[in-house]
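Q: My structure file query26.cif, mmCIF, C-alpha atoms, is below:
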```cif
data_query
#
loop_
_atom_site.group_PDB
_atom_site.id
_atom_site.type_symbol
_atom_site.label_atom_id
_atom_site.label_comp_id
_atom_site.auth_asym_id
_atom_site.auth_seq_id
_atom_site.Cartn_x
_atom_site.Cartn_y
_atom_site.Cartn_z
ATOM 1 C CA MET A 23 0.000 0.000 0.000
ATOM 2 C CA GLU A 24 1.361 3.438 -0.928
ATOM 3 C CA LYS A 25 2.610 5.533 1.977
ATOM 4 C CA HIS A 26 1.172 9.019 2.464
ATOM 5 C CA ASN A 27 2.224 11.968 4.597
ATOM 6 C CA THR A 28 -1.421 12.789 5.259
ATOM 7 C CA LYS A 29 -3.884 10.600 7.107
ATOM 8 C CA TRP A 30 -4.655 7.435 5.190
ATOM 9 C CA PHE A 31 -8.410 8.063 5.235
ATOM 10 C CA ASN A 32 -8.274 11.575 3.740
ATOM 11 C CA VAL A 33 -9.348 10.361 0.305
ATOM 12 C CA GLU A 34 -12.183 11.214 -2.076
ATOM 13 C CA CYS A 35 -12.958 7.591 -2.948
ATOM 14 C CA VAL A 36 -12.274 4.220 -1.344
ATOM 15 C CA PRO A 37 -8.953 2.791 -2.589
ATOM 16 C CA HIS A 38 -9.051 -0.630 -4.193
ATOM 17 C CA CYS A 39 -7.095 -2.166 -1.301
ATOM 18 C CA PHE A 40 -10.000 -1.296 1.055
ATOM 19 C CA THR A 41 -12.715 -2.624 -1.246
ATOM 20 C CA PHE A 42 -14.147 -5.945 -0.118
ATOM 21 C CA PRO A 43 -15.513 -8.623 -2.462
ATOM 22 C CA GLN A 44 -19.157 -8.186 -3.348
ATOM 23 C CA GLU A 45 -20.333 -10.963 -1.023
ATOM 24 C CA GLU A 46 -18.626 -9.373 2.020
ATOM 25 C CA ARG A 47 -19.531 -5.721 1.460
ATOM 26 C CA PRO A 48 -22.258 -4.122 3.574
ATOM 27 C CA GLY A 49 -23.800 -2.705 0.380
ATOM 28 C CA ASP A 50 -26.096 0.270 -0.203
ATOM 29 C CA ALA A 51 -29.306 -1.144 1.251
ATOM 30 C CA PRO A 52 -30.251 0.588 4.521
ATOM 31 C CA ILE A 53 -29.738 -1.585 7.593
ATOM 32 C CA PRO A 54 -32.564 -1.185 10.130
ATOM 33 C CA ILE A 55 -31.975 -0.705 13.828
ATOM 34 C CA CYS A 56 -32.781 -3.869 15.745
ATOM 35 C CA THR A 57 -35.428 -2.784 18.217
ATOM 36 C CA LYS A 58 -35.591 -6.305 19.651
ATOM 37 C CA ILE A 59 -32.232 -6.133 21.426
ATOM 38 C CA PRO A 60 -33.298 -5.127 24.940
ATOM 39 C CA VAL A 61 -32.022 -2.216 27.011
ATOM 40 C CA ILE A 62 -31.920 -3.641 30.530
ATOM 41 C CA ASP A 63 -32.103 -1.450 33.618
ATOM 42 C CA LEU A 64 -29.644 -2.836 36.182
ATOM 43 C CA GLY A 65 -30.890 -0.359 38.775
ATOM 44 C CA LYS A 66 -34.261 -2.024 39.196
ATOM 45 C CA SER A 67 -34.999 -3.524 42.576
ATOM 46 C CA GLN A 68 -36.751 -6.507 40.974
ATOM 47 C CA LYS A 69 -33.674 -8.664 40.278
ATOM 48 C CA ILE A 70 -35.806 -11.634 39.191
ATOM 49 C CA GLU A 71 -37.126 -9.607 36.253
ATOM 50 C CA THR A 72 -33.626 -8.353 35.413
ATOM 51 C CA ILE A 73 -32.238 -11.900 35.391
ATOM 52 C CA LYS A 74 -35.107 -13.050 33.181
ATOM 53 C CA GLN A 75 -34.356 -10.269 30.689
ATOM 54 C CA LEU A 76 -30.634 -11.095 30.647
ATOM 55 C CA LEU A 77 -31.206 -14.781 29.971
ATOM 56 C CA GLN A 78 -33.825 -14.160 27.318
ATOM 57 C CA ALA A 79 -31.555 -11.700 25.517
ATOM 58 C CA GLY A 80 -28.630 -14.120 25.727
ATOM 59 C CA GLN A 81 -30.718 -16.937 24.348
ATOM 60 C CA GLU A 82 -32.351 -15.009 21.511
ATOM 61 C CA PHE A 83 -29.823 -12.394 20.397
ATOM 62 C CA GLY A 84 -26.502 -12.896 22.191
ATOM 63 C CA PHE A 85 -26.524 -9.144 22.868
ATOM 64 C CA PHE A 86 -28.161 -6.721 25.264
ATOM 65 C CA GLN A 87 -27.570 -3.187 26.491
ATOM 66 C CA VAL A 88 -27.438 -2.093 30.117
ATOM 67 C CA ILE A 89 -28.319 1.244 31.725
ATOM 68 C CA ASN A 90 -28.227 2.408 35.356
ATOM 69 C CA HIS A 91 -25.107 0.266 35.593
ATOM 70 C CA GLY A 92 -23.343 2.305 38.263
ATOM 71 C CA ILE A 93 -20.528 3.663 36.070
ATOM 72 C CA PRO A 94 -20.452 7.486 36.108
ATOM 73 C CA GLU A 95 -21.077 8.893 32.648
ATOM 74 C CA ASN A 96 -17.975 11.072 32.783
ATOM 75 C CA VAL A 97 -15.779 7.978 33.263
ATOM 76 C CA ALA A 98 -16.957 6.599 29.912
ATOM 77 C CA THR A 99 -16.925 9.909 28.037
ATOM 78 C CA GLN A 100 -13.457 10.877 29.311
ATOM 79 C CA THR A 101 -12.115 7.486 28.263
ATOM 80 C CA LEU A 102 -13.654 7.834 24.810
ATOM 81 C CA SER A 103 -12.121 11.323 24.475
ATOM 82 C CA THR A 104 -8.744 9.944 25.546
ATOM 83 C CA PHE A 105 -8.829 7.328 22.808
ATOM 84 C CA GLU A 106 -9.936 9.901 20.242
ATOM 85 C CA GLU A 107 -6.915 11.985 21.226
ATOM 86 C CA PHE A 108 -4.669 8.918 21.045
ATOM 87 C CA PHE A 109 -5.784 8.046 17.529
ATOM 88 C CA ASN A 110 -5.839 11.590 16.171
ATOM 89 C CA ASN A 111 -2.828 13.326 17.710
ATOM 90 C CA MET A 112 -0.056 10.794 17.172
ATOM 91 C CA THR A 113 1.245 9.533 13.860
ATOM 92 C CA ASP A 114 0.960 5.838 13.078
ATOM 93 C CA GLU A 115 4.755 5.648 13.130
ATOM 94 C CA GLU A 116 4.878 7.129 16.645
ATOM 95 C CA LYS A 117 2.201 4.732 17.873
ATOM 96 C CA GLY A 118 3.890 1.760 16.221
ATOM 97 C CA ASN A 119 7.306 2.596 17.665
ATOM 98 C CA GLU A 120 5.967 3.022 21.204
ATOM 99 C CA ALA A 121 3.901 -0.153 20.923
ATOM 100 C CA SER A 122 6.992 -2.151 19.944
ATOM 101 C CA ARG A 123 8.958 -0.662 22.823
ATOM 102 C CA LYS A 124 6.264 -1.103 25.486
ATOM 103 C CA GLY A 125 4.612 -4.339 24.345
ATOM 104 C CA TRP A 126 1.089 -3.204 23.505
ATOM 105 C CA ILE A 127 -0.359 -3.661 20.038
ATOM 106 C CA PHE A 128 -1.205 -0.955 17.525
ATOM 107 C CA THR A 129 -2.425 -1.793 14.058
ATOM 108 C CA GLY A 130 -3.029 0.943 11.538
ATOM 109 C CA SER A 131 -5.043 0.432 8.409
ATOM 110 C CA GLU A 132 -1.977 -0.541 6.392
ATOM 111 C CA GLU A 133 -1.426 -3.578 8.624
ATOM 112 C CA GLU A 134 -5.080 -4.529 9.113
ATOM 113 C CA VAL A 135 -5.524 -7.001 6.293
ATOM 114 C CA LYS A 136 -8.335 -9.543 6.210
ATOM 115 C CA ASN A 137 -8.648 -11.862 3.234
ATOM 116 C CA GLY A 138 -6.283 -9.600 1.319
ATOM 117 C CA VAL A 139 -8.276 -6.406 1.981
ATOM 118 C CA HIS A 140 -7.491 -3.622 4.451
ATOM 119 C CA LEU A 141 -9.936 -2.848 7.233
ATOM 120 C CA TRP A 142 -11.133 0.760 7.549
ATOM 121 C CA ARG A 143 -9.901 1.235 11.096
ATOM 122 C CA ASP A 144 -7.024 1.815 13.476
ATOM 123 C CA ASN A 145 -6.827 -0.326 16.598
ATOM 124 C CA ILE A 146 -5.014 -0.557 19.929
ATOM 125 C CA LYS A 147 -4.992 -3.654 22.137
ATOM 126 C CA HIS A 148 -3.412 -4.254 25.499
ATOM 127 C CA PRO A 149 -3.911 -6.518 28.526
ATOM 128 C CA CYS A 150 -5.495 -5.133 31.704
ATOM 129 C CA HIS A 151 -4.780 -7.820 34.313
ATOM 130 C CA PRO A 152 -3.191 -7.492 36.740
ATOM 131 C CA LEU A 153 -4.184 -3.850 36.363
ATOM 132 C CA GLU A 154 -1.412 -2.064 38.284
ATOM 133 C CA LYS A 155 1.302 -4.040 36.521
ATOM 134 C CA CYS A 156 -0.229 -3.717 33.061
ATOM 135 C CA MET A 157 -0.742 0.038 33.393
ATOM 136 C CA GLN A 158 3.037 0.564 33.469
ATOM 137 C CA THR A 159 3.307 -0.634 29.865
ATOM 138 C CA TRP A 160 0.358 1.338 28.470
ATOM 139 C CA PRO A 161 0.838 4.344 26.177
ATOM 140 C CA ASP A 162 2.576 7.447 27.568
ATOM 141 C CA LYS A 163 0.417 9.763 25.467
ATOM 142 C CA PRO A 164 -2.007 11.313 26.052
ATOM 143 C CA ALA A 165 -0.556 12.139 29.478
ATOM 144 C CA THR A 166 -3.798 11.118 31.212
ATOM 145 C CA TYR A 167 -4.084 7.792 29.340
ATOM 146 C CA ARG A 168 -3.115 5.491 32.198
ATOM 147 C CA GLU A 169 -5.142 7.289 34.849
ATOM 148 C CA VAL A 170 -8.294 7.639 32.752
ATOM 149 C CA VAL A 171 -8.222 4.222 31.097
ATOM 150 C CA GLY A 172 -7.204 2.522 34.344
ATOM 151 C CA ARG A 173 -10.255 3.951 36.117
ATOM 152 C CA TYR A 174 -12.462 2.839 33.230
ATOM 153 C CA VAL A 175 -11.087 -0.720 33.292
ATOM 154 C CA ALA A 176 -11.661 -0.974 37.066
ATOM 155 C CA GLU A 177 -15.275 0.157 36.640
ATOM 156 C CA ILE A 178 -15.877 -2.312 33.811
ATOM 157 C CA ARG A 179 -14.427 -5.083 35.957
ATOM 158 C CA MET A 180 -17.060 -4.437 38.620
ATOM 159 C CA LEU A 181 -19.821 -4.256 36.003
ATOM 160 C CA SER A 182 -18.698 -7.548 34.455
ATOM 161 C CA LEU A 183 -18.850 -9.281 37.845
ATOM 162 C CA THR A 184 -22.359 -7.939 38.406
ATOM 163 C CA ILE A 185 -23.571 -9.181 35.023
ATOM 164 C CA LEU A 186 -21.897 -12.577 35.354
ATOM 165 C CA GLU A 187 -23.306 -13.052 38.856
ATOM 166 C CA LEU A 188 -26.825 -12.324 37.581
ATOM 167 C CA ILE A 189 -26.260 -14.855 34.789
ATOM 168 C CA CYS A 190 -25.073 -17.392 37.382
ATOM 169 C CA GLN A 191 -28.289 -16.924 39.328
ATOM 170 C CA GLY A 192 -30.373 -17.262 36.191
ATOM 171 C CA LEU A 193 -28.667 -20.443 35.024
ATOM 172 C CA GLY A 194 -28.582 -22.001 38.487
ATOM 173 C CA ILE A 195 -24.773 -22.002 38.686
ATOM 174 C CA GLU A 196 -23.184 -21.498 42.097
ATOM 175 C CA SER A 197 -22.512 -17.923 43.161
ATOM 176 C CA GLY A 198 -18.984 -16.710 42.390
ATOM 177 C CA TYR A 199 -18.434 -19.284 39.622
ATOM 178 C CA PHE A 200 -16.895 -16.639 37.348
ATOM 179 C CA ASP A 201 -14.972 -14.590 39.933
ATOM 180 C CA GLU A 202 -11.578 -16.129 39.164
ATOM 181 C CA GLN A 203 -12.407 -17.319 35.663
ATOM 182 C CA SER A 204 -13.167 -13.795 34.507
ATOM 183 C CA GLU A 205 -10.085 -12.013 35.845
ATOM 184 C CA VAL A 206 -8.320 -11.571 32.506
ATOM 185 C CA GLN A 207 -9.381 -8.454 30.665
ATOM 186 C CA LEU A 208 -8.172 -7.424 27.218
ATOM 187 C CA LEU A 209 -8.903 -3.916 25.975
ATOM 188 C CA SER A 210 -9.443 -3.290 22.280
ATOM 189 C CA ALA A 211 -10.256 0.261 21.131
ATOM 190 C CA ASN A 212 -11.121 1.038 17.521
ATOM 191 C CA ASN A 213 -11.140 4.203 15.476
ATOM 192 C CA TYR A 214 -13.286 4.102 12.337
ATOM 193 C CA PRO A 215 -12.748 7.309 10.326
ATOM 194 C CA ALA A 216 -15.504 8.702 8.134
ATOM 195 C CA CYS A 217 -15.481 6.813 4.835
ATOM 196 C CA PRO A 218 -16.379 8.253 1.399
ATOM 197 C CA ASP A 219 -18.283 5.076 0.454
ATOM 198 C CA PRO A 220 -19.234 2.844 3.410
ATOM 199 C CA SER A 221 -20.937 0.355 1.077
ATOM 200 C CA LEU A 222 -17.556 -0.955 -0.112
ATOM 201 C CA THR A 223 -15.571 -1.542 3.044
ATOM 202 C CA LEU A 224 -15.735 -2.785 6.637
ATOM 203 C CA GLY A 225 -14.313 -1.822 9.999
ATOM 204 C CA ILE A 226 -14.332 -5.428 11.216
ATOM 205 C CA LEU A 227 -15.374 -8.593 9.407
ATOM 206 C CA LYS A 228 -18.092 -10.784 10.893
ATOM 207 C CA HIS A 229 -16.820 -12.793 13.829
ATOM 208 C CA LEU A 230 -17.569 -14.341 17.220
ATOM 209 C CA ASP A 231 -15.862 -13.114 20.387
ATOM 210 C CA PRO A 232 -13.600 -15.623 22.213
ATOM 211 C CA SER A 233 -14.643 -14.232 25.602
ATOM 212 C CA LEU A 234 -17.078 -14.926 28.406
ATOM 213 C CA ILE A 235 -18.659 -11.561 27.746
ATOM 214 C CA THR A 236 -17.487 -8.458 25.915
ATOM 215 C CA ILE A 237 -18.536 -5.036 27.198
ATOM 216 C CA ILE A 238 -18.593 -2.296 24.570
ATOM 217 C CA TYR A 239 -18.957 1.447 24.834
ATOM 218 C CA GLN A 240 -19.839 3.013 21.484
ATOM 219 C CA GLY A 241 -20.589 6.576 22.542
ATOM 220 C CA ASN A 242 -23.262 8.238 20.461
ATOM 221 C CA VAL A 243 -22.316 6.841 17.054
ATOM 222 C CA SER A 244 -23.648 3.442 15.992
ATOM 223 C CA GLY A 245 -21.814 1.111 13.658
ATOM 224 C CA LEU A 246 -21.987 -2.356 15.163
ATOM 225 C CA GLN A 247 -24.241 -4.795 13.336
ATOM 226 C CA VAL A 248 -25.560 -8.128 14.600
ATOM 227 C CA LEU A 249 -26.806 -11.112 12.626
ATOM 228 C CA VAL A 250 -30.456 -11.615 13.639
ATOM 229 C CA ASP A 251 -32.457 -14.375 11.916
ATOM 230 C CA GLY A 252 -29.978 -14.388 9.046
ATOM 231 C CA LYS A 253 -30.149 -10.622 8.472
ATOM 232 C CA TRP A 254 -27.805 -7.850 9.503
ATOM 233 C CA MET A 255 -29.328 -5.427 11.995
ATOM 234 C CA CYS A 256 -27.837 -2.242 13.431
ATOM 235 C CA VAL A 257 -27.372 -1.883 17.196
ATOM 236 C CA GLU A 258 -28.487 1.539 18.361
ATOM 237 C CA ALA A 259 -26.018 3.709 20.289
ATOM 238 C CA VAL A 260 -28.019 4.332 23.458
ATOM 239 C CA PRO A 261 -26.699 7.285 25.533
ATOM 240 C CA ASN A 262 -24.708 6.196 28.605
ATOM 241 C CA ALA A 263 -25.362 2.519 27.919
ATOM 242 C CA PHE A 264 -22.968 -0.396 27.600
ATOM 243 C CA LEU A 265 -23.484 -3.080 25.005
ATOM 244 C CA VAL A 266 -22.881 -6.617 26.287
ATOM 245 C CA ASN A 267 -22.021 -9.461 23.948
ATOM 246 C CA ILE A 268 -22.161 -13.124 24.930
ATOM 247 C CA GLY A 269 -18.812 -14.701 23.997
ATOM 248 C CA ASN A 270 -18.381 -18.247 22.782
ATOM 249 C CA GLN A 271 -16.800 -19.310 26.098
ATOM 250 C CA LEU A 272 -19.999 -18.458 27.965
ATOM 251 C CA GLU A 273 -21.951 -20.340 25.322
ATOM 252 C CA ILE A 274 -19.865 -23.405 26.182
ATOM 253 C CA ILE A 275 -20.221 -22.982 29.949
ATOM 254 C CA SER A 276 -23.997 -22.487 29.641
ATOM 255 C CA ASN A 277 -24.119 -25.628 27.441
ATOM 256 C CA GLY A 278 -25.772 -23.643 24.657
ATOM 257 C CA LYS A 279 -28.412 -21.939 26.803
ATOM 258 C CA LEU A 280 -26.771 -18.616 25.897
ATOM 259 C CA ARG A 281 -25.650 -17.892 22.330
ATOM 260 C CA SER A 282 -22.604 -16.211 20.873
ATOM 261 C CA VAL A 283 -23.720 -14.406 17.719
ATOM 262 C CA GLU A 284 -21.816 -13.150 14.688
ATOM 263 C CA HIS A 285 -21.360 -9.404 14.445
ATOM 264 C CA ARG A 286 -19.360 -6.876 12.425
ATOM 265 C CA ALA A 287 -18.516 -3.169 12.342
ATOM 266 C CA VAL A 288 -19.348 -0.850 9.463
ATOM 267 C CA THR A 289 -18.341 2.724 8.704
ATOM 268 C CA ASN A 290 -20.298 5.836 7.810
ATOM 269 C CA SER A 291 -19.662 8.825 5.564
ATOM 270 C CA LYS A 292 -20.516 11.594 8.038
ATOM 271 C CA GLU A 293 -18.393 11.163 11.140
ATOM 272 C CA ALA A 294 -15.676 9.113 12.736
ATOM 273 C CA ARG A 295 -16.606 6.498 15.318
ATOM 274 C CA THR A 296 -14.573 5.319 18.287
ATOM 275 C CA SER A 297 -15.527 2.240 20.285
ATOM 276 C CA ILE A 298 -14.016 0.620 23.371
ATOM 277 C CA ALA A 299 -14.352 -3.121 23.927
ATOM 278 C CA ILE A 300 -13.258 -4.996 27.030
ATOM 279 C CA PHE A 301 -13.016 -8.758 26.513
ATOM 280 C CA VAL A 302 -13.665 -10.527 29.809
ATOM 281 C CA ASN A 303 -11.799 -13.795 29.324
ATOM 282 C CA PRO A 304 -10.965 -16.965 31.216
ATOM 283 C CA THR A 305 -7.338 -17.328 32.291
ATOM 284 C CA PRO A 306 -5.190 -19.195 29.721
ATOM 285 C CA LYS A 307 -4.948 -22.251 31.997
ATOM 286 C CA SER A 308 -8.694 -22.408 32.716
ATOM 287 C CA ILE A 309 -10.543 -25.473 31.508
ATOM 288 C CA VAL A 310 -13.668 -24.280 29.747
ATOM 289 C CA GLU A 311 -16.515 -26.793 29.794
ATOM 290 C CA PRO A 312 -20.276 -26.945 30.349
ATOM 291 C CA ALA A 313 -21.067 -26.253 34.004
ATOM 292 C CA LYS A 314 -21.712 -29.616 35.635
ATOM 293 C CA VAL A 315 -24.812 -28.381 37.442
ATOM 294 C CA LEU A 316 -26.489 -27.901 34.056
ATOM 295 C CA LEU A 317 -25.886 -31.471 32.916
ATOM 296 C CA ASN A 318 -28.023 -34.558 33.353
ATOM 297 C CA ASP A 319 -29.304 -37.481 31.307
ATOM 298 C CA SER A 320 -31.698 -35.303 29.347
ATOM 299 C CA ASN A 321 -29.162 -32.465 28.992
ATOM 300 C CA PRO A 322 -25.831 -34.028 28.023
ATOM 301 C CA PRO A 323 -22.800 -31.819 27.336
ATOM 302 C CA LEU A 324 -22.926 -30.227 23.881
ATOM 303 C CA TYR A 325 -19.289 -29.106 23.976
ATOM 304 C CA LYS A 326 -16.025 -30.797 24.843
ATOM 305 C CA SER A 327 -13.809 -29.554 27.654
ATOM 306 C CA ILE A 328 -10.869 -27.495 26.408
ATOM 307 C CA LEU A 329 -8.009 -25.498 27.893
ATOM 308 C CA TYR A 330 -8.752 -21.864 27.077
ATOM 309 C CA LYS A 331 -5.191 -21.309 25.850
ATOM 310 C CA ASP A 332 -5.567 -24.236 23.438
ATOM 311 C CA PHE A 333 -8.875 -22.856 22.175
ATOM 312 C CA ILE A 334 -7.309 -19.468 21.448
ATOM 313 C CA ASN A 335 -4.226 -20.938 19.803
ATOM 314 C CA SER A 336 -6.111 -23.397 17.601
ATOM 315 C CA SER A 337 -8.638 -20.806 16.447
ATOM 316 C CA LYS A 338 -6.106 -17.946 16.208
ATOM 317 C CA ALA A 339 -8.816 -15.869 17.839
ATOM 318 C CA PHE A 340 -6.739 -12.679 17.827
ATOM 319 C CA GLY A 341 -5.243 -13.180 14.383
ATOM 320 C CA VAL A 342 -1.521 -12.573 13.925
ATOM 321 C CA HIS A 343 -1.345 -11.134 17.446
ATOM 322 C CA THR A 344 -2.676 -14.254 19.184
ATOM 323 C CA ASP A 345 0.712 -15.418 20.500
ATOM 324 C CA VAL A 346 1.605 -11.974 21.901
ATOM 325 C CA ILE A 347 -1.754 -11.578 23.616
ATOM 326 C CA GLN A 348 -1.559 -15.069 25.115
ATOM 327 C CA ASN A 349 1.894 -14.394 26.505
ATOM 328 C CA ASP A 350 0.661 -11.156 28.071
ATOM 329 C CA SER A 351 -2.377 -12.760 29.694
#
```
Step by step, read the file and then write its structure as structure tokens.

A:
Amino acid sequence: MEKHNTKWFNVECVPHCFTFPQEERPGDAPIPICTKIPVIDLGKSQKIETIKQLLQAGQEFGFFQVINHGIPENVATQTLSTFEEFFNNMTDEEKGNEASRKGWIFTGSEEEVKNGVHLWRDNIKHPCHPLEKCMQTWPDKPATYREVVGRYVAEIRMLSLTILELICQGLGIESGYFDEQSEVQLLSANNYPACPDPSLTLGILKHLDPSLITIIYQGNVSGLQVLVDGKWMCVEAVPNAFLVNIGNQLEIISNGKLRSVEHRAVTNSKEARTSIAIFVNPTPKSIVEPAKVLLNDSNPPLYKSILYKDFINSSKAFGVHTDVIQNDS
């Protein structure tokens, strides 16, 4: 790909190297917002109803949004602003050099190649557990990065435990089942610049998350699409809400009661979009298997037991960066 002094996305038309094959493009047809994906109020006193909503959403859609989650709005908005500053105020070369020196991962559009085509995004990934240790290797710029992102990660950790505990209660799994299994957190933040023709390219190809759950903050700009009944549907960006995605590891543990669903990210022509995803993962040495309490003669295990590290390595869940991420976990 030709190098430019200006930003790679400052173009009048989509370069050929960003143009996906016809069968993978999002196309021109308008994608409706999926009104079925529930927005669940975690602040309600009626926990039985909340648990019912969580399980139903996990069974039907693999996604749900949560509000009244206890995370101050300014924590999320400051973190989003910090990532916007990170992506916009440093050159790709500066980010790449610091990433190599510190051990976190930055991939600009020139490196993000899927099936021979470049993704329309920039991305940063780094581990978050143990938090205090990991923070020392995070980016130096912006100057507030470690403080702001560290606070955000700690808040998301507490939210993830709340959600997983409610799921435990709903499935009938013993309390605290996920406390140790969910310690490993991987942050992945994406910047999707405005695109002159969003019908031709993608921010992320369709995929399943190799997590227990993934918690996403997408600000006020939507762009994530979920496969519902064989059709792509847009997930609305609800103010001060977090989008929760059931990962394929929780599908295994629930013995298929909860579903991991394919999703992708698209671009738009009007404004850039930044999203922050925290993958809540088992530890590499965890054995992931259907919870024994869910199994009986009429409900045999649908999945084989597997070491999480082996699952990640065999599926190359994080692409070319799988080995680095595993070693950091």

Q: Under the rule that only C-alpha atoms are counted, which of A:Val315, A:Leu208, A:Arg281, A:Gln247 is the nearest residue to Ala299 in chain A?

A: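 Counting only C-alpha atoms, the residue closest to Ala299 in chain A is A:Leu208.
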
Q: Using the chain letters and residue numbers of this document, give as a list in words the residues selected by the PyMOL selection byres ((chain A and resi 87-90) around 8).

A: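 That selection, the PyMOL selection byres ((chain A and resi 87-90) around 8), comes back as Ile59, Pro60, Val61, Ile62, Asp63, Leu64, Gly65, Phe85, Phe86, His91, Gly92, Ile93, Asn262, Ala263, Phe264, Leu265 and Val266 of chain A.
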
Q: At what distance in Å, to one decimal, does CA of Lys307 in chain A lie from CA of Phe340 in chain A?

A: 17.2 Å

Q: Which neighbours of range 34-44 of chain A fall inside 7 Å, counting all atoms listed in the file, when residues of the same chain fewer than 4 positions from it are skipped, and could you give them as a list of chain:residue names?

A: A:Val139, A:His140, A:Leu141, A:Trp142, A:Pro218, A:Asp219, A:Leu222, A:Thr223

Q: Could you please take those selected residues and save C-alpha atoms as a short mmCIF file (atom, residue, chain, number, x, y, z; two decimals), in the frame of the given file?

A:
```cif
data_model
loop_
_atom_site.label_atom_id
_atom_site.label_comp_id
_atom_site.auth_asym_id
_atom_site.auth_seq_id
_atom_site.Cartn_x
_atom_site.Cartn_y
_atom_site.Cartn_z
CA VAL A 139 -8.28 -6.41 1.98
CA HIS A 140 -7.49 -3.62 4.45
CA LEU A 141 -9.94 -2.85 7.23
CA TRP A 142 -11.13 0.76 7.55
CA PRO A 218 -16.38 8.25 1.40
CA ASP A 219 -18.28 5.08 0.45
CA LEU A 222 -17.56 -0.96 -0.11
CA THR A 223 -15.57 -1.54 3.04
#
```

Q: Would you mind telling me which residue in A:Gly138, A:Gly125, A:Pro261, A:Gly225 lies nearest to Arg286 in chain A when using all atoms listed in the file?

A: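 Among the listed residues, A:Gly225 lies closest to Arg286 in chain A.
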
Q: Using all atoms listed in the file, what table do you get, as CSV, when you list each residue of range 82-118 of chain A with an atom no more than 9 Å from range 163-172 of chain A, its nearest pair of atoms, and their distance in Å rounded to one decimal, rows by chain then rising number?

A:
```
residue,atom,partner,partner_atom,distance
A:Val97,CA,A:Val170,CA,7.5
A:Gln100,CA,A:Val170,CA,7.0
A:Thr101,CA,A:Val171,CA,5.8
A:Thr104,CA,A:Tyr167,CA,6.4
A:Phe105,CA,A:Tyr167,CA,8.1
A:Glu107,CA,A:Pro164,CA,6.9
A:Phe108,CA,A:Pro164,CA,6.2
A:Asn111,CA,A:Pro164,CA,8.6
A:Met112,CA,A:Lys163,CA,8.4
```

Q: For CA of Gln81 in chain A and CA of Cys56 in chain A, determine how far apart the two atoms are, in Å to one decimal place.

A: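 Distance between the two atoms: 15.8 Å.
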
Q: Care to translate the PyMOL selection byres ((chain A and resi 251) around 12) into actual residues of this file, as a PDB file with C-alpha atoms, in the frame of the given file?

A:
```pdb
ATOM      1  CA  CYS A  56     -32.781  -3.869  15.745  1.00  0.00           C
ATOM      2  CA  LYS A  58     -35.591  -6.305  19.651  1.00  0.00           C
ATOM      3  CA  GLU A  82     -32.351 -15.009  21.511  1.00  0.00           C
ATOM      4  CA  PHE A  83     -29.823 -12.394  20.397  1.00  0.00           C
ATOM      5  CA  GLY A  84     -26.502 -12.896  22.191  1.00  0.00           C
ATOM      6  CA  VAL A 248     -25.560  -8.128  14.600  1.00  0.00           C
ATOM      7  CA  LEU A 249     -26.806 -11.112  12.626  1.00  0.00           C
ATOM      8  CA  VAL A 250     -30.456 -11.615  13.639  1.00  0.00           C
ATOM      9  CA  GLY A 252     -29.978 -14.388   9.046  1.00  0.00           C
ATOM     10  CA  LYS A 253     -30.149 -10.622   8.472  1.00  0.00           C
ATOM     11  CA  TRP A 254     -27.805  -7.850   9.503  1.00  0.00           C
ATOM     12  CA  MET A 255     -29.328  -5.427  11.995  1.00  0.00           C
ATOM     13  CA  VAL A 283     -23.720 -14.406  17.719  1.00  0.00           C
ATOM     14  CA  GLU A 284     -21.816 -13.150  14.688  1.00  0.00           C
TER      15      GLU A 284
END
```

Q: Near Leu234 in chain A, counting only C-alpha atoms, which residues have an atom at most 12 Å away, once you skip same-chain residues fewer than 4 positions from it, shown as a count of residues only?

A: 39

Q: Using all atoms listed in the file, pick whichever of A:Asp50, A:Asp114, A:Glu71, A:Glu187 has the shortest atom-to-atom distance to Glu133 in chain A.

A: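 Result for the nearest residue to Glu133 in chain A: A:Asp114.
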
Q: Mind rebuilding range 100-105 of chain A with N, CA, C and O atoms and writing that out as a PDB file, keeping the file's coordinate frame?

A:
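The result, stored in selection-v5.pdb:
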```pdb
ATOM      1  N   GLN A 100     -14.862  10.487  29.233  1.00  0.00           N
ATOM      2  CA  GLN A 100     -13.457  10.877  29.311  1.00  0.00           C
ATOM      3  C   GLN A 100     -12.557   9.826  28.667  1.00  0.00           C
ATOM      4  O   GLN A 100     -11.566  10.149  28.002  1.00  0.00           O
ATOM      5  N   THR A 101     -12.908   8.555  28.863  1.00  0.00           N
ATOM      6  CA  THR A 101     -12.115   7.486  28.263  1.00  0.00           C
ATOM      7  C   THR A 101     -12.248   7.517  26.747  1.00  0.00           C
ATOM      8  O   THR A 101     -11.250   7.370  26.020  1.00  0.00           O
ATOM      9  N   LEU A 102     -13.456   7.736  26.256  1.00  0.00           N
ATOM     10  CA  LEU A 102     -13.654   7.834  24.810  1.00  0.00           C
ATOM     11  C   LEU A 102     -12.858   9.009  24.245  1.00  0.00           C
ATOM     12  O   LEU A 102     -12.193   8.871  23.204  1.00  0.00           O
ATOM     13  N   SER A 103     -12.877  10.151  24.930  1.00  0.00           N
ATOM     14  CA  SER A 103     -12.121  11.323  24.475  1.00  0.00           C
ATOM     15  C   SER A 103     -10.621  11.053  24.483  1.00  0.00           C
ATOM     16  O   SER A 103      -9.894  11.506  23.583  1.00  0.00           O
ATOM     17  N   THR A 104     -10.161  10.287  25.466  1.00  0.00           N
ATOM     18  CA  THR A 104      -8.744   9.944  25.546  1.00  0.00           C
ATOM     19  C   THR A 104      -8.326   9.099  24.353  1.00  0.00           C
ATOM     20  O   THR A 104      -7.255   9.320  23.764  1.00  0.00           O
ATOM     21  N   PHE A 105      -9.158   8.143  23.976  1.00  0.00           N
ATOM     22  CA  PHE A 105      -8.829   7.328  22.808  1.00  0.00           C
ATOM     23  C   PHE A 105      -8.906   8.138  21.513  1.00  0.00           C
ATOM     24  O   PHE A 105      -8.095   7.940  20.600  1.00  0.00           O
TER      25      PHE A 105
END
```
